[in-house]
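Here's data19.txt, which has compact mmCIF, C-alpha atoms:
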# COMPACT_ATOMS: atom_id res chain seq x y z
CA MET A 1 91.83 140.47 105.70
CA LEU A 2 89.08 138.06 104.73
CA LEU A 3 85.71 137.82 106.48
CA ILE A 4 83.74 134.58 106.07
CA ARG A 5 80.04 135.27 106.74
CA ASN A 6 76.76 133.41 107.25
CA ILE A 7 78.28 130.09 108.27
CA HIS A 8 75.53 127.62 109.18
CA SER A 9 77.83 125.85 111.68
CA LEU A 10 81.48 126.61 112.50
CA VAL A 11 82.94 123.32 113.73
CA GLN A 12 85.67 122.63 116.31
CA THR A 13 85.86 126.13 117.83
CA TYR A 14 87.94 126.98 120.90
CA SER A 15 88.54 130.29 122.64
CA SER A 16 91.70 128.86 124.22
CA HIS A 17 93.99 125.94 123.37
CA CYS A 18 92.07 122.96 122.00
CA PRO A 19 93.02 119.86 123.98
CA VAL A 20 93.78 116.52 122.39
CA LYS A 21 90.64 114.43 122.79
CA LYS A 22 90.55 111.08 124.53
CA GLY A 23 87.92 108.79 126.02
CA SER A 24 84.53 110.40 126.60
CA ALA A 25 85.95 113.83 125.65
CA MET A 26 86.11 112.62 122.04
CA SER A 27 82.35 113.11 121.88
CA HIS A 28 82.73 116.83 122.65
CA LEU A 29 82.82 118.87 119.45
CA PRO A 30 82.08 122.58 120.04
CA ILE A 31 80.11 124.29 117.28
CA ILE A 32 78.96 127.88 116.76
CA ASN A 33 75.81 128.22 114.68
CA ASN A 34 75.15 131.22 112.41
CA ALA A 35 78.80 132.23 112.63
CA PHE A 36 81.57 134.33 111.09
CA LEU A 37 85.31 133.74 110.70
CA LEU A 38 87.94 136.49 110.29
CA ILE A 39 91.36 135.81 108.74
CA ASP A 40 94.46 137.97 108.33
CA LYS A 41 97.73 136.97 106.66
CA GLY A 42 96.77 133.31 106.64
CA ILE A 43 95.93 133.19 110.36
CA ILE A 44 92.57 133.00 112.17
CA ILE A 45 92.19 136.23 114.19
CA ASP A 46 88.52 136.12 115.23
CA PHE A 47 85.29 134.14 115.02
CA GLY A 48 81.90 134.04 116.69
CA GLU A 49 78.17 134.44 116.14
CA MET A 50 76.95 136.61 113.28
CA LYS A 51 75.30 139.00 115.73
CA ASP A 52 78.82 139.87 116.92
CA CYS A 53 80.34 140.05 113.43
CA PRO A 54 82.57 143.15 113.11
CA ASN A 55 81.59 145.78 110.56
CA LEU A 56 84.83 145.99 108.59
CA ASN A 57 85.68 147.31 105.16
CA VAL A 58 87.42 144.10 104.08
CA LYS A 59 86.98 141.38 101.49
CA THR A 60 84.01 139.19 102.42
CA HIS A 61 82.94 135.71 101.43
CA ASP A 62 79.36 134.56 102.02
CA VAL A 63 79.13 130.86 102.84
CA GLU A 64 75.39 130.72 102.12
CA HIS A 65 74.74 128.50 105.14
CA GLY A 66 77.29 125.77 104.52
CA PHE A 67 79.32 124.25 107.36
CA VAL A 68 82.96 125.26 107.97
CA PHE A 69 85.38 122.60 109.27
CA PRO A 70 89.06 122.86 110.11
CA SER A 71 91.00 120.99 107.45
CA TRP A 72 91.58 117.28 107.96
CA CYS A 73 94.95 116.28 109.40
CA ASP A 74 95.99 113.04 107.69
CA SER A 75 98.83 111.67 109.81
CA HIS A 76 99.68 108.48 107.90
CA THR A 77 100.15 108.25 104.12
CA HIS A 78 102.50 106.80 101.50
CA LEU A 79 101.44 109.34 98.88
CA VAL A 80 104.74 109.26 96.95
CA PHE A 81 104.65 106.05 94.92
CA ALA A 82 105.01 104.96 91.30
CA GLY A 83 102.13 103.42 89.40
CA SER A 84 99.35 101.20 90.71
CA ARG A 85 98.80 97.60 91.82
CA GLU A 86 95.36 96.64 90.55
CA LYS A 87 96.61 93.16 89.57
CA GLU A 88 97.04 92.40 93.28
CA PHE A 89 93.54 93.77 93.83
CA VAL A 90 92.29 91.04 91.47
CA ASP A 91 94.56 88.46 93.17
CA ARG A 92 92.84 89.19 96.48
CA ILE A 93 89.43 88.83 94.85
CA ASN A 94 90.63 85.40 93.68
CA GLY A 95 91.54 84.39 97.23
CA LEU A 96 95.16 85.37 97.90
CA THR A 97 95.89 87.09 101.22
CA TYR A 98 98.03 90.19 101.76
CA GLU A 99 100.77 87.99 103.24
CA GLU A 100 100.65 85.49 100.34
CA ILE A 101 100.96 88.28 97.79
CA ALA A 102 103.94 89.68 99.70
CA GLN A 103 105.62 86.28 99.86
CA ARG A 104 105.31 85.96 96.05
CA GLY A 105 107.25 89.20 95.56
CA GLY A 106 104.20 91.41 95.31
CA GLY A 107 103.13 94.10 97.73
CA ILE A 108 105.77 96.55 98.89
CA LEU A 109 108.54 94.90 96.83
CA ASN A 110 106.43 95.32 93.70
CA SER A 111 106.01 99.04 94.37
CA ALA A 112 109.71 99.39 95.19
CA LYS A 113 110.70 97.90 91.82
CA LYS A 114 108.39 100.30 89.98
CA LEU A 115 109.67 103.28 91.92
CA GLN A 116 113.32 102.41 91.38
CA ASN A 117 112.63 102.46 87.62
CA THR A 118 110.73 105.78 87.69
CA SER A 119 112.54 109.09 87.23
CA GLU A 120 112.43 111.62 90.03
CA GLU A 121 110.61 114.11 87.79
CA GLU A 122 107.90 111.60 86.87
CA LEU A 123 107.57 110.57 90.52
CA PHE A 124 107.10 114.22 91.50
CA GLU A 125 104.45 114.78 88.81
CA GLN A 126 102.46 111.70 89.88
CA SER A 127 102.71 112.62 93.56
CA TYR A 128 101.83 116.28 93.01
CA GLN A 129 98.60 115.24 91.27
CA ARG A 130 97.70 113.05 94.25
CA LEU A 131 98.52 115.84 96.67
CA GLU A 132 96.27 118.27 94.78
CA GLU A 133 93.51 115.66 94.90
CA VAL A 134 93.66 115.17 98.68
CA ILE A 135 93.72 118.93 99.24
CA GLN A 136 90.45 119.18 97.32
CA TYR A 137 89.10 116.45 99.64
CA GLY A 138 89.68 118.85 102.56
CA THR A 139 93.09 117.78 103.87
CA GLY A 140 95.23 120.66 105.15
CA ALA A 141 98.09 118.81 106.88
CA ILE A 142 99.58 115.50 105.82
CA GLU A 143 102.36 113.09 106.71
CA ILE A 144 104.09 111.35 103.79
CA LYS A 145 106.41 108.36 104.23
CA SER A 146 109.20 106.95 102.12
CA GLY A 147 109.47 103.16 102.09
CA TYR A 148 108.89 102.25 98.45
CA GLY A 149 112.54 102.71 97.58
CA LEU A 150 114.40 100.16 99.71
CA THR A 151 117.76 101.31 98.33
CA LEU A 152 119.78 104.30 99.48
CA GLU A 153 119.23 106.28 96.27
CA SER A 154 115.54 105.44 95.90
CA GLU A 155 114.70 106.24 99.52
CA LEU A 156 116.47 109.58 99.12
CA LYS A 157 114.60 110.11 95.84
CA ILE A 158 111.24 109.74 97.61
CA LEU A 159 112.25 112.11 100.39
CA ARG A 160 113.52 114.68 97.88
CA VAL A 161 110.15 114.49 96.12
CA ILE A 162 108.40 115.10 99.44
CA GLN A 163 110.66 118.12 99.94
CA ARG A 164 109.66 119.43 96.50
CA LEU A 165 105.99 118.93 97.33
CA LYS A 166 106.49 121.13 100.39
CA GLU A 167 107.98 123.83 98.19
CA HIS A 168 105.18 123.71 95.61
CA SER A 169 102.12 123.58 97.87
CA ASP A 170 100.59 125.50 100.77
CA ILE A 171 99.56 122.30 102.56
CA THR A 172 101.60 121.49 105.68
CA ILE A 173 103.67 118.32 105.09
CA ARG A 174 105.55 116.11 107.55
CA ALA A 175 108.08 113.65 106.10
CA THR A 176 108.84 110.22 107.54
CA PHE A 177 111.77 107.96 106.65
CA LEU A 178 110.50 104.36 106.28
CA GLY A 179 113.48 102.48 104.90
CA ALA A 180 112.36 99.63 107.17
CA HIS A 181 109.18 98.93 105.21
CA ALA A 182 110.21 95.51 103.88
CA ILE A 183 113.31 93.37 103.39
CA PRO A 184 114.44 93.59 99.72
CA LYS A 185 114.80 90.31 97.83
CA GLU A 186 118.59 90.60 97.65
CA TYR A 187 118.77 90.73 101.47
CA LYS A 188 116.26 87.94 102.11
CA ASN A 189 118.97 85.68 103.53
CA ASN A 190 120.91 88.48 105.22
CA ARG A 191 118.47 90.72 107.06
CA LYS A 192 121.18 92.10 109.29
CA GLU A 193 123.04 93.55 106.31
CA TYR A 194 119.94 95.48 105.17
CA ILE A 195 119.30 96.80 108.68
CA ASN A 196 122.93 97.91 108.82
CA LEU A 197 122.40 99.69 105.49
CA ILE A 198 119.43 101.56 106.97
CA ILE A 199 121.29 102.52 110.14
CA ASP A 200 124.79 103.18 108.81
CA GLN A 201 124.10 104.69 105.38
CA MET A 202 120.47 105.70 104.84
CA LEU A 203 119.79 107.36 108.19
CA PRO A 204 122.89 109.59 108.28
CA GLU A 205 122.20 110.87 104.74
CA VAL A 206 118.51 111.50 105.49
CA VAL A 207 119.43 113.50 108.59
CA GLU A 208 122.35 115.34 107.01
CA LYS A 209 120.12 116.49 104.16
CA ASN A 210 117.28 117.34 106.59
CA LEU A 211 114.79 115.25 104.62
CA ALA A 212 112.66 113.75 107.41
CA ASN A 213 110.83 114.66 110.60
CA TYR A 214 110.27 111.08 111.77
CA ILE A 215 111.43 107.49 111.43
CA ASP A 216 109.10 104.53 110.94
CA VAL A 217 109.36 100.72 110.94
CA PHE A 218 106.82 98.14 109.77
CA CYS A 219 106.80 95.91 112.86
CA GLU A 220 105.07 92.74 111.64
CA LYS A 221 105.80 89.08 110.96
CA VAL A 222 105.97 89.83 107.22
CA ALA A 223 108.43 92.68 107.81
CA PHE A 224 110.55 93.50 110.91
CA SER A 225 110.70 91.90 114.34
CA VAL A 226 110.28 93.80 117.59
CA GLU A 227 114.02 93.57 118.25
CA GLU A 228 114.83 94.92 114.79
CA THR A 229 112.26 97.68 115.26
CA VAL A 230 113.83 98.77 118.53
CA GLN A 231 117.29 98.77 116.96
CA ILE A 232 116.10 101.11 114.19
CA ILE A 233 114.08 103.33 116.55
CA LYS A 234 117.18 103.81 118.73
CA ALA A 235 119.33 104.64 115.73
CA GLY A 236 116.82 107.25 114.61
CA ALA A 237 116.56 108.74 118.09
CA LYS A 238 120.35 109.19 118.26
CA LEU A 239 120.11 111.36 115.15
CA GLY A 240 117.06 113.31 116.35
CA LEU A 241 114.23 111.49 114.56
CA LYS A 242 111.22 110.55 116.67
CA ALA A 243 109.33 107.35 115.86
CA LYS A 244 105.93 106.74 114.26
CA ILE A 245 105.49 102.96 114.03
CA HIS A 246 103.41 100.60 111.86
CA THR A 247 102.33 97.80 114.19
CA ASN A 248 99.53 95.34 115.01
CA GLN A 249 98.13 95.21 111.49
CA PHE A 250 97.99 91.41 111.59
CA ASN A 251 99.61 90.28 114.87
CA CYS A 252 100.07 91.25 118.52
CA MET A 253 103.81 90.71 118.91
CA GLY A 254 105.09 93.42 121.27
CA GLY A 255 105.35 96.31 118.82
CA ILE A 256 103.12 98.59 120.89
CA GLN A 257 105.08 97.99 124.09
CA ALA A 258 108.37 98.63 122.30
CA SER A 259 107.02 101.79 120.66
CA VAL A 260 105.70 103.18 123.93
CA GLU A 261 108.93 102.35 125.76
CA HIS A 262 110.84 104.38 123.18
CA ASP A 263 108.43 107.35 123.16
CA ALA A 264 106.89 106.88 119.73
CA ILE A 265 104.63 109.74 118.64
CA SER A 266 102.07 107.27 117.31
CA VAL A 267 101.38 103.58 116.73
CA ASP A 268 99.48 103.05 113.50
CA HIS A 269 97.09 100.34 112.23
CA LEU A 270 96.09 98.40 115.41
CA GLU A 271 93.66 96.11 113.61
CA VAL A 272 94.48 93.65 116.41
CA LEU A 273 94.89 94.77 120.01
CA ASN A 274 94.86 92.99 123.37
CA ASP A 275 94.20 94.13 126.94
CA GLU A 276 97.88 94.28 127.84
CA GLU A 277 98.52 96.64 124.93
CA ILE A 278 95.54 98.82 125.92
CA LYS A 279 97.01 99.16 129.41
CA CYS A 280 100.41 100.00 127.96
CA LEU A 281 98.91 102.80 125.85
CA GLN A 282 97.02 104.18 128.86
CA ASN A 283 100.34 104.89 130.55
CA SER A 284 101.81 106.76 127.60
CA ASP A 285 101.53 109.83 125.37
CA THR A 286 101.64 107.68 122.22
CA MET A 287 98.69 108.26 119.87
CA PRO A 288 96.77 105.24 118.56
CA CYS A 289 96.20 105.96 114.85
CA LEU A 290 93.60 103.87 113.03
CA LEU A 291 93.46 103.36 109.26
CA PRO A 292 90.06 101.79 108.51
CA SER A 293 90.24 102.07 104.72
CA ALA A 294 93.10 99.51 104.75
CA PRO A 295 91.00 96.66 106.21
CA PHE A 296 88.11 97.86 104.02
CA PHE A 297 90.22 97.41 100.89
CA ILE A 298 91.93 94.14 101.79
CA ASN A 299 88.78 92.74 103.42
CA ASP A 300 90.26 92.34 106.89
CA HIS A 301 88.84 93.08 110.34
CA TYR A 302 88.67 96.64 111.62
CA PRO A 303 90.52 98.16 114.58
CA PRO A 304 88.61 98.03 117.89
CA ALA A 305 88.00 101.78 118.09
CA ARG A 306 85.22 101.50 120.66
CA LYS A 307 87.39 99.47 123.01
CA ILE A 308 90.23 102.00 122.68
CA ILE A 309 88.01 105.02 123.33
CA ASP A 310 86.05 103.34 126.13
CA ASN A 311 89.37 102.73 127.89
CA ASN A 312 89.92 106.50 128.04
CA LEU A 313 92.40 106.62 125.17
CA PRO A 314 92.60 108.98 122.20
CA VAL A 315 92.20 107.90 118.59
CA ALA A 316 93.47 109.53 115.40
CA LEU A 317 92.20 108.61 111.95
CA ALA A 318 94.27 108.63 108.75
CA THR A 319 93.95 107.36 105.19
CA ASP A 320 97.10 105.19 104.77
CA PHE A 321 97.00 106.35 101.11
CA ASN A 322 99.17 103.81 99.25
CA PRO A 323 99.02 101.69 96.07
CA GLY A 324 98.60 98.29 97.73
CA SER A 325 96.12 98.42 100.60
CA THR A 326 94.51 101.88 100.38
CA PRO A 327 94.57 103.59 96.99
CA SER A 328 92.57 106.54 98.31
CA GLY A 329 93.37 109.71 100.23
CA LYS A 330 89.76 110.69 100.92
CA MET A 331 89.48 111.50 104.62
CA SER A 332 85.70 111.91 104.53
CA PHE A 333 85.40 108.25 103.50
CA VAL A 334 87.68 107.25 106.39
CA ILE A 335 85.33 109.13 108.72
CA SER A 336 82.34 107.30 107.26
CA LEU A 337 84.09 103.94 107.75
CA ALA A 338 84.94 104.90 111.34
CA CYS A 339 81.25 105.50 112.02
CA ILE A 340 79.84 102.57 110.02
CA LYS A 341 82.41 99.85 110.76
CA MET A 342 84.05 100.93 114.03
CA LYS A 343 80.97 102.43 115.75
CA MET A 344 82.54 105.82 116.35
CA THR A 345 80.11 108.71 116.57
CA PRO A 346 80.42 111.51 113.99
CA GLU A 347 81.81 113.79 116.71
CA GLU A 348 84.44 111.23 117.73
CA ALA A 349 85.46 110.62 114.12
CA ILE A 350 85.80 114.34 113.36
CA ASN A 351 87.91 114.90 116.46
CA ALA A 352 90.07 111.94 115.41
CA ALA A 353 90.53 113.42 111.92
CA THR A 354 91.30 116.96 113.07
CA ILE A 355 92.89 117.76 116.45
CA ASN A 356 94.04 114.20 117.19
CA GLY A 357 95.44 113.82 113.69
CA ALA A 358 97.31 117.08 114.22
CA LYS A 359 98.71 115.72 117.49
CA ALA A 360 99.94 112.59 115.67
CA MET A 361 102.12 114.96 113.60
CA GLU A 362 102.98 117.32 116.49
CA LEU A 363 100.97 120.06 114.77
CA GLU A 364 98.27 120.55 117.41
CA LYS A 365 99.45 124.12 118.18
CA THR A 366 98.83 125.28 114.60
CA HIS A 367 96.28 122.89 113.05
CA GLY A 368 93.22 120.81 113.82
CA SER A 369 90.76 123.36 115.21
CA ILE A 370 89.28 126.81 114.73
CA GLU A 371 91.31 128.94 117.16
CA LYS A 372 92.76 132.42 117.15
CA GLY A 373 96.39 132.21 116.07
CA LYS A 374 96.06 128.92 114.17
CA LYS A 375 96.54 128.54 110.44
CA ALA A 376 93.45 129.42 108.41
CA ASN A 377 93.18 125.95 106.89
CA PHE A 378 89.52 125.03 106.50
CA PHE A 379 86.88 123.89 104.05
CA ILE A 380 83.31 124.95 103.37
CA THR A 381 80.61 122.38 102.65
CA LYS A 382 77.54 122.52 100.54
CA PRO A 383 74.40 123.08 102.66
CA MET A 384 73.88 120.11 105.02
CA SER A 385 71.05 119.24 107.37
CA SER A 386 73.37 118.28 110.24
CA LEU A 387 76.93 117.34 111.20
CA ALA A 388 76.06 113.63 110.90
CA TYR A 389 75.15 114.12 107.24
CA LEU A 390 78.87 114.23 106.37
CA PRO A 391 79.66 110.58 107.29
CA TYR A 392 76.13 109.46 106.42
CA SER A 393 76.35 110.64 102.82
CA PHE A 394 79.58 108.74 102.15
CA GLY A 395 79.29 108.73 98.36
CA THR A 396 78.67 112.44 97.92
CA ASN A 397 81.33 115.11 97.61
CA LEU A 398 80.04 117.69 100.06
CA ILE A 399 83.08 119.99 99.97
CA LYS A 400 82.33 123.19 98.10
CA GLU A 401 85.47 125.29 98.74
CA VAL A 402 88.90 124.73 100.27
CA PHE A 403 91.14 127.33 101.91
CA LEU A 404 94.81 126.90 102.87
CA GLU A 405 96.48 129.66 104.87
CA GLY A 406 93.49 131.86 104.15
CA LYS A 407 93.70 131.45 100.36
CA LYS A 408 90.88 129.89 98.38
CA LEU A 409 92.12 127.12 96.09
Exercise: express the given structure as structure tokens:
Amino acid sequence: MLLIRNIHSLVQTYSSHCPVKKGSAMSHLPIINNAFLLIDKGIIIDFGEMKDCPNLNVKTHDVEHGFVFPSWCDSHTHLVFAGSREKEFVDRINGLTYEEIAQRGGGILNSAKKLQNTSEEELFEQSYQRLEEVIQYGTGAIEIKSGYGLTLESELKILRVIQRLKEHSDITIRATFLGAHAIPKEYKNNRKEYINLIIDQMLPEVVEKNLANYIDVFCEKVAFSVEETVQIIKAGAKLGLKAKIHTNQFNCMGGIQASVEHDAISVDHLEVLNDEEIKCLQNSDTMPCLLPSAPFFINDHYPPARKIIDNNLPVALATDFNPGSTPSGKMSFVISLACIKMKMTPEEAINAATINGAKAMELEKTHGSIEKGKKANFFITKPMSSLAYLPYSFGTNLIKEVFLEGKKL
């Protein structure tokens, strides 16, 4: 057993099942001040005020009045990639748009070429370093997509690396097959042939080898149409893979309606969103997942978080960690951006990065809050004056200690 003592504020505490937060409920963030937390075999077994702290002969850890948060749940990343793309960063400074870079063979196709020429061992080493980094930033559950392979062997290589990451780390990992991330150059004039490759060859191998939990499609004008997206979603569903869909990053083109119709777990990006799409989401269980560090990095407009929440919808936040539009897996910065640029309150942003992020990976029963029976994944901050100090102090690393399954890292 491990007893955590003298916690200034224990955040996101529930005596019974923590509900997914939507609308005005996103502002509700229960906190116990002057608290304790008791862990056994990697599971939370008790918590409460220090005056009720049990007198046990067990290992203790004094927090010295820091805050304790449940670990972040980052539900959208591309953490397994090869190399970097800072040249495109400079191209954007010099005036090129994301779409123009993609049309010149940059963007996703650039990363795919690098990955295809990188050994699986080197890819694992690079990715493991990134994973260790995001864990130290407080992330305790993460989704990682393929999509920088765009060939059968390279897509499988990415998914095998994700599997190895699961085996070498205590963090909870969900894997998503994103063969439909872009159309490779060699299929530019025969899109149907590449989609057939995804459906007839890639998907069956991914499922047979049990390498993915979900399927994803980049539904955008620079990538896949709504009709193509639906075709791939249906193929995944037949083989037992639920959908998590990239959509509405640049255009409203029906991707949300198609995703909702086919029971997608989440729709991710949503930098653009119209009233019809809001209404569609209101009649669904699909989670809107916002990725504000992507528009921050490519200097685009931010998702309308306030409009989504004010229409009684939930919001999840994720990093979109990738080499092209978000070379960062720091969830605390995403929370700061949500508050500064999308006018979310600190309480809303923290709910979006914990319990709602867990829901976007179907992990809400085990992650995302401080509850008896949930995994003891949490982090301890340095002393802070208030909850709002976390997003306010966006340039400071406030995390002092990280625990996964009750073990200090």
Using all atoms listed in the file: which of A:Ala82, A:Leu409, A:Leu197, A:Leu211 has the shortest distance to A:Asn117: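 When distances to A:Asn117 are compared using all atoms listed in the file, the smallest one comes from A:Ala82.
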Using all atoms listed in the file: which of A:Ile350, A:Ile399, A:Ile370, A:Ala338 has the shortest distance to A:Ala35: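 Closest to A:Ala35 of all the choices is A:Ile370.
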Coordinates-based distance that separates atom CA of A:Asn283 from atom CA of A:Leu270 (Å, one decimal):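 Between these atoms lies a distance of 17.0 Å.
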Shell of 10 Å around A:Asp285, only C-alpha atoms, local chain residues under 2 positions omitted, as a compact mmCIF listing (two decimals) with C-alpha atoms, in the frame of the given file:
# COMPACT_ATOMS: atom_id res chain seq x y z
CA VAL A 260 105.70 103.18 123.93
CA ASP A 263 108.43 107.35 123.16
CA ALA A 264 106.89 106.88 119.73
CA ILE A 265 104.63 109.74 118.64
CA SER A 266 102.07 107.27 117.31
CA LEU A 281 98.91 102.80 125.85
CA GLN A 282 97.02 104.18 128.86
CA ASN A 283 100.34 104.89 130.55
CA MET A 287 98.69 108.26 119.87
CA PRO A 288 96.77 105.24 118.56
CA LEU A 313 92.40 106.62 125.17
CA PRO A 314 92.60 108.98 122.20
Spatial neighbours of A:Arg92, 12 Å, all atoms listed in the file, chain gap at least 3 places, as a list of chain:residue names: A:Arg85, A:Glu86, A:Lys87, A:Glu88, A:Phe89, A:Gly95, A:Leu96, A:Thr97, A:Tyr98, A:Glu99, A:Glu100, A:Ile101, A:Ala102, A:Gly106, A:Gly107, A:Phe297, A:Ile298, A:Asn299, A:Asp300, A:Gly324, A:Ser325
Given all atoms listed in the file as the counted atoms, nearest of A:Lys185, A:Lys221, A:Lys372, A:His8 to A:Phe67: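 Answer, going by the shortest atom-to-atom distance: A:His8.
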Residues near A:Val315, cut-off 9 Å, only C-alpha atoms, skip fewer than 5 positions along chain, as a ChimeraX atom specification: /A:21-23,26,287-290,305,308-309,348-349,351-353,356-357
Nearest-residue call for A:Glu132, choices A:Ile108, A:Leu404, A:Ala180, A:Leu239, using only C-alpha atoms: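 Closest candidate: A:Leu404.
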Long-range neighbours of stretch 328-335 of chain A as number ranges by chain, 9 Å cut-off, only C-alpha atoms, 5 positions minimum in chain: A: 72-74, 77, 79, 130-131, 133-134, 137-139, 291-293, 317-323, 340, 344, 346, 349-350, 352-353, 390-391, 394-395, 397
Point-to-point distance in Å for atom CA of A:Glu208 and atom CA of A:His168: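 Atom-to-atom, atom CA of A:His168 and atom CA of A:Glu208 are spaced 22.2 Å apart.
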A:Gly140, A:Gly66, A:Gly42, A:Gly406 ranked by distance to A:Leu363, top pick (using all atoms listed in the file):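 Once distances to A:Leu363 are computed over all atoms listed in the file, the minimum belongs to A:Gly140.
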12 Å contact set for A:Pro54, all atoms listed in the file, chain neighbours under 3 positions out, as a list in words: Leu2, Leu3, Ile4, Arg5, Ala35, Phe36, Leu37, Leu38, Ile45, Asp46, Phe47, Gly48, Glu49, Met50, Lys51, Asn57, Val58 and Thr60 of chain A
How would stretch 277-297 of chain A read, as a compact mmCIF listing (two decimals), keeping the file's coordinate frame, once N, CA and C atoms are built in?
# COMPACT_ATOMS: atom_id res chain seq x y z
N GLU A 277 98.10 95.51 125.77
CA GLU A 277 98.52 96.64 124.93
C GLU A 277 97.68 97.88 125.23
N ILE A 278 96.40 97.69 125.51
CA ILE A 278 95.54 98.82 125.92
C ILE A 278 96.11 99.46 127.18
N LYS A 279 96.46 98.64 128.16
CA LYS A 279 97.01 99.16 129.41
C LYS A 279 98.32 99.89 129.17
N CYS A 280 99.14 99.36 128.29
CA CYS A 280 100.41 100.00 127.96
C CYS A 280 100.18 101.39 127.37
N LEU A 281 99.22 101.51 126.47
CA LEU A 281 98.91 102.80 125.85
C LEU A 281 98.33 103.79 126.85
N GLN A 282 97.59 103.30 127.84
CA GLN A 282 97.02 104.18 128.86
C GLN A 282 98.10 104.90 129.67
N ASN A 283 99.25 104.30 129.76
CA ASN A 283 100.34 104.89 130.55
C ASN A 283 101.36 105.60 129.65
N SER A 284 100.89 106.14 128.53
CA SER A 284 101.81 106.76 127.60
C SER A 284 101.18 108.00 126.96
N ASP A 285 102.01 108.71 126.20
CA ASP A 285 101.53 109.83 125.37
C ASP A 285 101.50 109.44 123.89
N THR A 286 101.64 108.16 123.60
CA THR A 286 101.64 107.68 122.22
C THR A 286 100.22 107.63 121.67
N MET A 287 100.02 108.19 120.48
CA MET A 287 98.69 108.26 119.87
C MET A 287 98.35 107.01 119.08
N PRO A 288 97.25 106.32 119.42
CA PRO A 288 96.77 105.24 118.56
C PRO A 288 96.16 105.83 117.29
N CYS A 289 96.67 105.44 116.14
CA CYS A 289 96.20 105.96 114.85
C CYS A 289 95.60 104.81 114.05
N LEU A 290 94.33 104.94 113.70
CA LEU A 290 93.60 103.87 113.03
C LEU A 290 93.40 104.22 111.56
N LEU A 291 93.47 103.18 110.71
CA LEU A 291 93.46 103.36 109.26
C LEU A 291 92.39 102.45 108.65
N PRO A 292 91.11 102.75 108.86
CA PRO A 292 90.06 101.79 108.51
C PRO A 292 89.90 101.50 107.03
N SER A 293 90.39 102.38 106.14
CA SER A 293 90.24 102.07 104.72
C SER A 293 91.20 100.96 104.27
N ALA A 294 92.22 100.65 105.08
CA ALA A 294 93.10 99.51 104.75
C ALA A 294 92.36 98.19 104.93
N PRO A 295 91.77 97.90 106.11
CA PRO A 295 91.00 96.66 106.21
C PRO A 295 89.77 96.64 105.30
N PHE A 296 89.21 97.81 105.00
CA PHE A 296 88.11 97.86 104.02
C PHE A 296 88.58 97.32 102.68
N PHE A 297 89.75 97.76 102.23
CA PHE A 297 90.22 97.41 100.89
C PHE A 297 90.72 95.98 100.79
